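Trainee: Just data32.txt, nothing more (compact mmCIF, C-alpha atoms):
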# COMPACT_ATOMS: atom_id res chain seq x y z
CA MET A 1227 -19.82 8.64 -60.99
CA ALA A 1228 -19.74 7.09 -64.44
CA GLU A 1229 -17.80 3.90 -64.61
CA PHE A 1230 -15.64 3.58 -67.68
CA SER A 1231 -12.46 1.72 -68.45
CA THR A 1232 -10.36 0.72 -71.40
CA SER A 1233 -7.97 -2.16 -71.87
CA ILE A 1234 -5.63 -2.90 -74.75
CA LYS A 1235 -4.56 -6.15 -76.35
CA ASP A 1236 -1.65 -6.33 -78.78
CA GLN A 1237 -2.24 -8.57 -81.75
CA GLY A 1238 0.80 -8.21 -83.98
CA ASN A 1239 0.70 -4.73 -85.47
CA ILE A 1240 -2.92 -4.32 -84.47
CA ASN A 1241 -4.09 -3.02 -81.12
CA ILE A 1242 -7.52 -4.00 -79.85
CA VAL A 1243 -9.03 -1.44 -77.48
CA TYR A 1244 -11.84 -2.75 -75.28
CA LEU A 1245 -14.32 -0.20 -73.93
CA LYS A 1246 -16.36 -0.91 -70.83
CA GLY A 1247 -19.11 1.09 -69.14
CA PHE A 1248 -20.33 4.62 -69.80
CA LEU A 1249 -18.56 6.97 -72.22
CA ASP A 1250 -19.68 10.56 -71.63
CA ALA A 1251 -18.15 14.02 -71.21
CA HIS A 1252 -16.71 12.95 -67.86
CA THR A 1253 -15.05 9.77 -69.05
CA ALA A 1254 -14.10 10.79 -72.63
CA PRO A 1255 -10.65 12.09 -71.47
CA SER A 1256 -9.81 8.52 -70.43
CA LEU A 1257 -10.35 7.31 -74.01
CA GLU A 1258 -8.38 10.30 -75.32
CA ASN A 1259 -5.47 9.21 -73.14
CA THR A 1260 -5.71 5.67 -74.48
CA PHE A 1261 -5.63 6.84 -78.11
CA SER A 1262 -2.86 9.35 -77.37
CA GLY A 1263 -0.76 6.59 -75.83
CA LEU A 1264 -1.16 4.42 -78.93
CA VAL A 1265 -0.44 7.27 -81.35
CA ASP A 1266 2.64 8.30 -79.36
CA LYS A 1267 3.98 4.76 -79.74
CA GLY A 1268 3.28 4.78 -83.47
CA ARG A 1269 0.49 2.23 -83.11
CA TYR A 1270 -1.91 3.30 -85.83
CA GLN A 1271 -3.85 0.10 -86.56
CA ILE A 1272 -6.61 0.11 -84.00
CA VAL A 1273 -9.73 -1.99 -83.54
CA VAL A 1274 -12.15 -0.72 -80.91
CA ASN A 1275 -14.36 -3.41 -79.41
CA PHE A 1276 -17.63 -1.97 -78.03
CA LYS A 1277 -19.00 -5.23 -76.61
CA ASP A 1278 -19.08 -4.00 -73.00
CA LEU A 1279 -19.89 -0.35 -73.69
CA ALA A 1280 -23.30 0.42 -72.20
CA TYR A 1281 -23.63 4.08 -73.20
CA ILE A 1282 -22.10 6.74 -75.43
CA SER A 1283 -22.80 10.46 -75.80
CA SER A 1284 -21.45 12.93 -78.35
CA ALA A 1285 -18.43 13.64 -76.13
CA GLY A 1286 -17.39 10.02 -76.66
CA LEU A 1287 -18.06 10.17 -80.40
CA GLY A 1288 -15.92 13.31 -80.58
CA VAL A 1289 -12.87 11.37 -79.38
CA PHE A 1290 -13.00 9.20 -82.50
CA MET A 1291 -13.24 12.32 -84.66
CA ALA A 1292 -10.27 13.89 -82.89
CA PHE A 1293 -7.84 11.07 -83.71
CA ILE A 1294 -8.95 9.64 -87.04
CA GLU A 1295 -7.16 12.16 -89.27
CA LYS A 1296 -3.73 11.71 -87.68
CA ILE A 1297 -4.11 7.94 -87.64
CA ARG A 1298 -5.08 7.78 -91.32
CA GLU A 1299 -2.28 10.14 -92.28
CA ASN A 1300 0.02 7.44 -90.90
CA ASN A 1301 -1.60 4.69 -92.98
CA GLY A 1302 -3.57 3.45 -90.03
CA ASP A 1303 -7.25 3.30 -89.18
CA ILE A 1304 -9.71 2.98 -86.33
CA LYS A 1305 -12.13 0.15 -87.07
CA LEU A 1306 -15.09 -0.42 -84.80
CA SER A 1307 -16.68 -3.70 -83.76
CA SER A 1308 -19.22 -5.48 -81.59
CA MET A 1309 -21.60 -2.57 -80.89
CA SER A 1310 -24.96 -3.07 -79.22
CA ASP A 1311 -27.91 -1.86 -81.31
CA LYS A 1312 -28.33 1.05 -78.90
CA VAL A 1313 -24.76 2.29 -79.35
CA PHE A 1314 -24.78 1.64 -83.10
CA ASN A 1315 -27.94 3.73 -83.47
CA ILE A 1316 -26.16 6.78 -82.07
CA PHE A 1317 -23.21 6.31 -84.44
CA ASP A 1318 -25.68 5.83 -87.28
CA LEU A 1319 -27.72 8.90 -86.39
CA LEU A 1320 -24.61 11.03 -86.79
CA GLY A 1321 -23.57 9.41 -90.05
CA PHE A 1322 -20.46 7.73 -88.66
CA PRO A 1323 -20.83 4.62 -90.85
CA LEU A 1324 -19.81 6.86 -93.76
CA LEU A 1325 -16.50 7.60 -92.13
CA TYR A 1326 -15.69 4.49 -90.09
CA GLU A 1327 -15.84 0.80 -90.90
CA ILE A 1328 -18.07 -0.92 -88.36
CA PHE A 1329 -17.95 -4.72 -88.05
CA LYS A 1330 -20.15 -7.19 -86.22
CA THR A 1331 -17.16 -8.95 -84.66
CA GLU A 1332 -13.64 -8.07 -83.59
CA GLU A 1333 -12.30 -10.89 -85.78
CA GLU A 1334 -13.83 -9.34 -88.92
CA ALA A 1335 -12.25 -5.98 -88.12
CA VAL A 1336 -8.83 -7.57 -87.55
CA LYS A 1337 -9.20 -9.58 -90.75
CA LYS A 1338 -9.85 -6.38 -92.71
CA PHE A 1339 -6.55 -4.92 -91.50
CA ASN A 1340 -4.75 -8.12 -92.46
CA GLU A 1341 -6.33 -8.12 -95.94
CA ILE A 1342 -4.95 -4.67 -96.66
CA LYS A 1343 -1.34 -5.70 -96.02
CA MET B 1130 -27.86 17.83 -55.22
CA ARG B 1131 -31.46 17.33 -54.14
CA THR B 1132 -34.53 15.84 -55.68
CA SER B 1133 -38.15 16.63 -55.07
CA LYS B 1134 -41.51 15.57 -56.32
CA THR B 1135 -43.56 18.74 -56.56
CA LYS B 1136 -46.54 17.18 -58.35
CA SER B 1137 -47.50 13.66 -59.13
CA LYS B 1138 -46.29 14.09 -62.68
CA GLN B 1139 -43.40 16.44 -62.23
CA LYS B 1140 -39.94 15.83 -60.88
CA GLN B 1141 -36.98 18.08 -60.36
CA LEU B 1142 -33.23 17.64 -59.89
CA LEU B 1143 -30.66 20.26 -58.99
CA ILE B 1144 -27.01 19.58 -59.70
CA LYS B 1145 -23.75 21.50 -59.80
CA SER B 1146 -22.15 22.03 -63.20
CA ARG B 1147 -19.67 19.15 -63.11
CA THR B 1148 -19.33 16.37 -65.65
CA GLU B 1149 -19.14 13.84 -62.80
CA ASN B 1150 -22.82 14.65 -62.14
CA LEU B 1151 -23.91 13.45 -65.59
CA THR B 1152 -24.39 9.97 -64.12
CA THR B 1153 -26.84 11.42 -61.58
CA VAL B 1154 -28.67 13.23 -64.39
CA ARG B 1155 -29.04 10.04 -66.43
CA GLU B 1156 -30.24 8.03 -63.43
CA PHE B 1157 -32.77 10.72 -62.52
CA VAL B 1158 -34.21 10.83 -66.06
CA SER B 1159 -34.19 7.02 -66.37
CA LEU B 1160 -36.10 6.54 -63.14
CA ALA B 1161 -38.59 9.30 -63.93
CA VAL B 1162 -39.45 8.05 -67.41
CA GLU B 1163 -39.78 4.51 -66.06
CA GLU B 1164 -43.04 5.69 -64.48
CA VAL B 1165 -44.44 6.32 -67.95
CA ASN B 1166 -44.91 3.17 -69.92
CA ILE B 1167 -42.75 3.99 -72.91
CA PRO B 1168 -40.49 1.78 -75.01
CA GLN B 1169 -36.93 1.46 -73.76
CA ASP B 1170 -35.41 3.04 -76.86
CA ILE B 1171 -37.56 6.16 -76.45
CA ALA B 1172 -36.50 6.37 -72.79
CA GLY B 1173 -32.87 6.07 -73.93
CA ASP B 1174 -33.33 8.91 -76.42
CA ILE B 1175 -34.60 11.21 -73.67
CA VAL B 1176 -31.77 10.26 -71.31
CA LEU B 1177 -29.16 10.99 -73.99
CA ALA B 1178 -30.76 14.29 -75.04
CA VAL B 1179 -30.77 15.54 -71.42
CA ASP B 1180 -27.13 14.41 -70.99
CA GLU B 1181 -26.22 16.39 -74.13
CA ALA B 1182 -28.07 19.49 -72.91
CA CYS B 1183 -26.34 19.37 -69.51
CA THR B 1184 -22.95 18.70 -71.12
CA ASN B 1185 -23.39 21.79 -73.31
CA ILE B 1186 -24.30 23.88 -70.26
CA ILE B 1187 -21.26 22.65 -68.31
CA LYS B 1188 -18.91 23.30 -71.25
CA HIS B 1189 -20.35 26.44 -72.80
CA ALA B 1190 -22.62 28.27 -70.33
CA TYR B 1191 -20.44 27.66 -67.26
CA LYS B 1192 -17.20 27.01 -69.17
CA PHE B 1193 -16.31 24.22 -66.69
CA PHE B 1194 -16.88 26.46 -63.62
CA PRO B 1195 -17.80 23.64 -61.19
CA ASP B 1196 -20.31 25.35 -58.89
CA GLY B 1197 -22.99 26.61 -61.25
CA ASP B 1198 -26.53 25.41 -60.71
CA ILE B 1199 -28.36 23.31 -63.29
CA THR B 1200 -32.03 22.54 -62.65
CA ILE B 1201 -33.73 19.75 -64.54
CA GLN B 1202 -37.55 19.67 -64.41
CA LEU B 1203 -39.32 16.76 -65.97
CA LYS B 1204 -43.06 16.81 -66.65
CA TYR B 1205 -44.91 13.93 -68.15
CA SER B 1206 -48.36 13.10 -69.32
CA GLU B 1207 -49.83 10.48 -71.59
CA LYS B 1208 -49.17 12.79 -74.54
CA ASN B 1209 -45.59 13.89 -74.01
CA ILE B 1210 -42.56 14.21 -71.83
CA LYS B 1211 -41.15 17.71 -71.41
CA VAL B 1212 -37.77 18.41 -69.85
CA LYS B 1213 -36.85 21.96 -68.90
CA ILE B 1214 -33.18 22.54 -68.12
CA THR B 1215 -32.24 25.87 -66.56
CA ASP B 1216 -28.82 27.39 -65.90
CA HIS B 1217 -27.45 30.77 -64.87
CA GLY B 1218 -24.31 30.77 -66.98
CA ALA B 1219 -23.33 32.71 -70.09
CA SER B 1220 -26.25 33.27 -72.42
CA PHE B 1221 -26.40 31.31 -75.57
CA SER B 1222 -27.75 31.97 -79.02
CA PRO B 1223 -28.83 28.73 -80.69
CA GLU B 1224 -29.04 30.54 -84.03
CA SER B 1225 -25.26 30.87 -83.89
CA VAL B 1226 -24.93 27.10 -84.13
CA PRO B 1227 -26.01 26.00 -87.61
CA THR B 1228 -27.38 22.52 -88.16
CA PRO B 1229 -24.32 20.71 -89.44
CA ASP B 1230 -24.05 19.24 -92.89
CA LEU B 1231 -22.66 15.96 -91.58
CA LYS B 1232 -20.67 15.10 -94.69
CA LYS B 1233 -18.98 18.49 -94.67
CA TYR B 1234 -18.66 18.24 -90.91
CA PHE B 1235 -16.64 15.04 -91.20
CA GLU B 1236 -14.53 16.41 -94.02
CA GLU B 1237 -13.63 19.34 -91.81
CA LYS B 1238 -12.96 16.95 -88.89
CA ARG B 1239 -14.86 19.15 -86.48
CA VAL B 1240 -15.16 17.76 -82.98
CA GLY B 1241 -17.75 19.93 -81.19
CA GLY B 1242 -21.36 20.68 -82.06
CA LEU B 1243 -22.57 17.10 -82.31
CA GLY B 1244 -24.53 17.36 -79.06
CA MET B 1245 -27.03 19.89 -80.35
CA TYR B 1246 -27.51 17.90 -83.54
CA LEU B 1247 -28.17 14.78 -81.46
CA MET B 1248 -30.69 16.60 -79.25
CA LYS B 1249 -32.63 17.79 -82.29
CA SER B 1250 -32.52 14.32 -83.81
CA LEU B 1251 -33.61 12.49 -80.67
CA MET B 1252 -36.39 14.83 -79.52
CA ASP B 1253 -39.48 16.15 -81.29
CA GLU B 1254 -38.94 19.74 -80.18
CA VAL B 1255 -35.94 21.67 -78.85
CA HIS B 1256 -36.52 25.27 -77.76
CA TYR B 1257 -34.11 27.73 -76.18
CA LYS B 1258 -34.90 30.74 -74.05
CA SER B 1259 -32.21 33.07 -72.80
CA VAL B 1260 -32.56 36.09 -70.51
CA PRO B 1261 -28.99 37.48 -70.44
CA GLY B 1262 -27.68 37.93 -66.92
CA LYS B 1263 -30.55 35.89 -65.47
CA TYR B 1264 -31.02 32.44 -66.88
CA ASN B 1265 -31.00 30.18 -69.93
CA GLN B 1266 -33.50 27.43 -70.56
CA VAL B 1267 -33.59 24.50 -72.91
CA LEU B 1268 -36.99 22.86 -73.34
CA LEU B 1269 -36.96 19.34 -74.78
CA THR B 1270 -40.22 17.65 -75.80
CA LYS B 1271 -40.83 14.04 -76.75
CA LYS B 1272 -44.29 13.25 -78.03
CA LEU B 1273 -45.68 9.94 -76.90
CA ASN B 1274 -49.05 9.58 -78.60
CA SER B 1275 -47.66 8.18 -81.83
CA THR B 1276 -45.24 5.79 -80.17
CA ASN B 1277 -47.19 4.56 -77.20
Starting from the file, lay out its structure as structure tokens.

Mentor:
Amino acid sequence: MAEFSTSIKDQGNINIVYLKGFLDAHTAPSLENTFSGLVDKGRYQIVVNFKDLAYISSAGLGVFMAFIEKIRENNGDIKLSSMSDKVFNIFDLLGFPLLYEIFKTEEEAVKKFNEIK
Amino acid sequence: MRTSKTKSKQKQLLIKSRTENLTTVREFVSLAVEEVNIPQDIAGDIVLAVDEACTNIIKHAYKFFPDGDITIQLKYSEKNIKVKITDHGASFSPESVPTPDLKKYFEEKRVGGLGMYLMKSLMDEVHYKSVPGKYNQVLLTKKLNSTN
């Protein structure tokens, strides 16, 4: 069975979500739950750190699509960081860099949120 | 689930239509393509395309019914790798799924349909065959001569 987990770190108003393992149609509901939990608490400034994500399929990409509108309507954003080349290539193939800001490091993504304030 | 090696260059996997089996599918494809000396990124493309095909079958052909059969046959030669994925769920008309205009797609915030686009992007050929009431087949081909 695919191993996948998320963990969350609070950093002021920003939440860092760490992804680990394999994000596919089986594990995507786990990420949906994580985003739902943040949205329910009114936490709309989210950085997702992909450092430990080994694999993503379209089911995983769809989770980002499902939440971005509501989050941006509330003056928030999902910024992405620390992707391996392999994972970035899938995002790139589907044109996600047009819709999401993708940073090399978590710190750069956090800094971008702080610049906007 | 069971695996068999019917020919020296053909392998087959049978799984039930459950998303938890996607890991098994990916491991099966990874191990099989390891026997062909292809770059790792090409191997990754094939693994992802087969995952997407099986995910579509689980969601759309079997509509999450957990006990449908999905057969994955992988044939490889020096020229190409062909993966034939067969199910016995609801028939499917690929013409009904247009290739998405990604910009418009994002503007409309659509969530589904990315899998087929990925399959077509990752593989050289994607063909569908459907015999209603009998079976559906997806045939994925990756050419190797230009990359290997």

Trainee: So, counting all atoms listed in the file, which residue among B:Asn1274, B:Ser1259, B:Ser1146, B:Gln1141 is closest to chain A?

Mentor: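 The closest residue to chain A is B:Ser1146.
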
Trainee: Skipping near chain neighbours, those fewer than 3 positions away, what residues fall within 12 Å of Val1154 in chain B using only C-alpha atoms, listed as a PyMOL selection string?

Mentor: (chain A and resi 1227-1228+1250) or (chain B and resi 1130-1132+1141-1151+1157-1161+1175-1184+1199-1203+1212+1214)

Trainee: Please return, as a ChimeraX atom specification, all polymer residues that have at least one atom within 12 Å of the point (-10.8, 8.2, -75.1); use all atoms listed in the file and the file's own coordinate frame.

Mentor: /A:1230-1233,1243-1246,1248-1264,1274,1282,1285-1293

Trainee: Counting all atoms listed in the file, figure out which residue out of A:Glu1334, A:Phe1339, A:Lys1296, A:Leu1324 gets nearest to Asn1241 in chain A.

Mentor: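 Smallest distance to Asn1241 in chain A is found for A:Phe1339.
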
Trainee: Near Lys1192 in chain B, within 10 Å and counting all atoms listed in the file, which residues show up once chain neighbours fewer than 5 positions away are dropped, as a count of residues only?

Mentor: 7

Trainee: Name the residues in contact with range 1244-1256 of chain B at a cut-off of 7 Å, using all atoms listed in the file, excluding same-chain residues fewer than 5 positions from it; report them as a PyMOL selection string.

Mentor: (chain A and resi 1284) or (chain B and resi 1174+1178+1181+1228+1267-1272)

Trainee: Could you tell me which of B:Leu1243, B:Tyr1205, B:Pro1261, B:Glu1156 comes closest to chain A if we count all atoms listed in the file?

Mentor: B:Leu1243

Trainee: Separation of CA of Asp1170 in chain B and CA of Leu1319 in chain A, in Å?

Mentor: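 Going from CA of Asp1170 in chain B over to CA of Leu1319 in chain A, I get 13.6 Å.
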
Trainee: Write out as AutoDock Vina command-line options an axis-aligned box for range 1278-1294 of chain A: all of its atoms listed in the file, 4 Å added on each side, centre and edge lengths in Å with one decimal.

Mentor:
--center_x -15.7 --center_y 4.9 --center_z -79.6 --size_x 23.8 --size_y 25.9 --size_z 22.8

Trainee: Interatomic distance between CA of Lys1204 in chain B and CA of Phe1314 in chain A?

Mentor: 28.9 Å

Trainee: Quick check, in Å to one decimal: how far apart do CA of Ile1294 in chain A and CA of Asp1318 in chain A lie?

Mentor: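 Between CA of Ile1294 in chain A and CA of Asp1318 in chain A the gap is 17.2 Å.
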
Trainee: Find the spatial neighbours of Tyr1270 in chain A, counting all atoms listed in the file, within a cut-off of 8 Å - ignore same-chain residues fewer than 2 positions away - and output them as a list in words.

Mentor: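 Here the qualifying residues turn out to be Ile1240, Leu1264, Val1265, Gly1268, Ile1272, Ile1297, Arg1298, Asn1300, Asn1301, Gly1302, Asp1303 and Ile1304 of chain A.
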
Trainee: Using all atoms listed in the file, which residues sit within 9 Å of Phe1221 in chain B once same-chain residues fewer than 3 positions away are excluded, as a list in words?

Mentor: His1189, Ala1190, Gly1218, Glu1224, Ser1225, Tyr1257, Lys1258, Ser1259, Pro1261 and Asn1265 of chain B
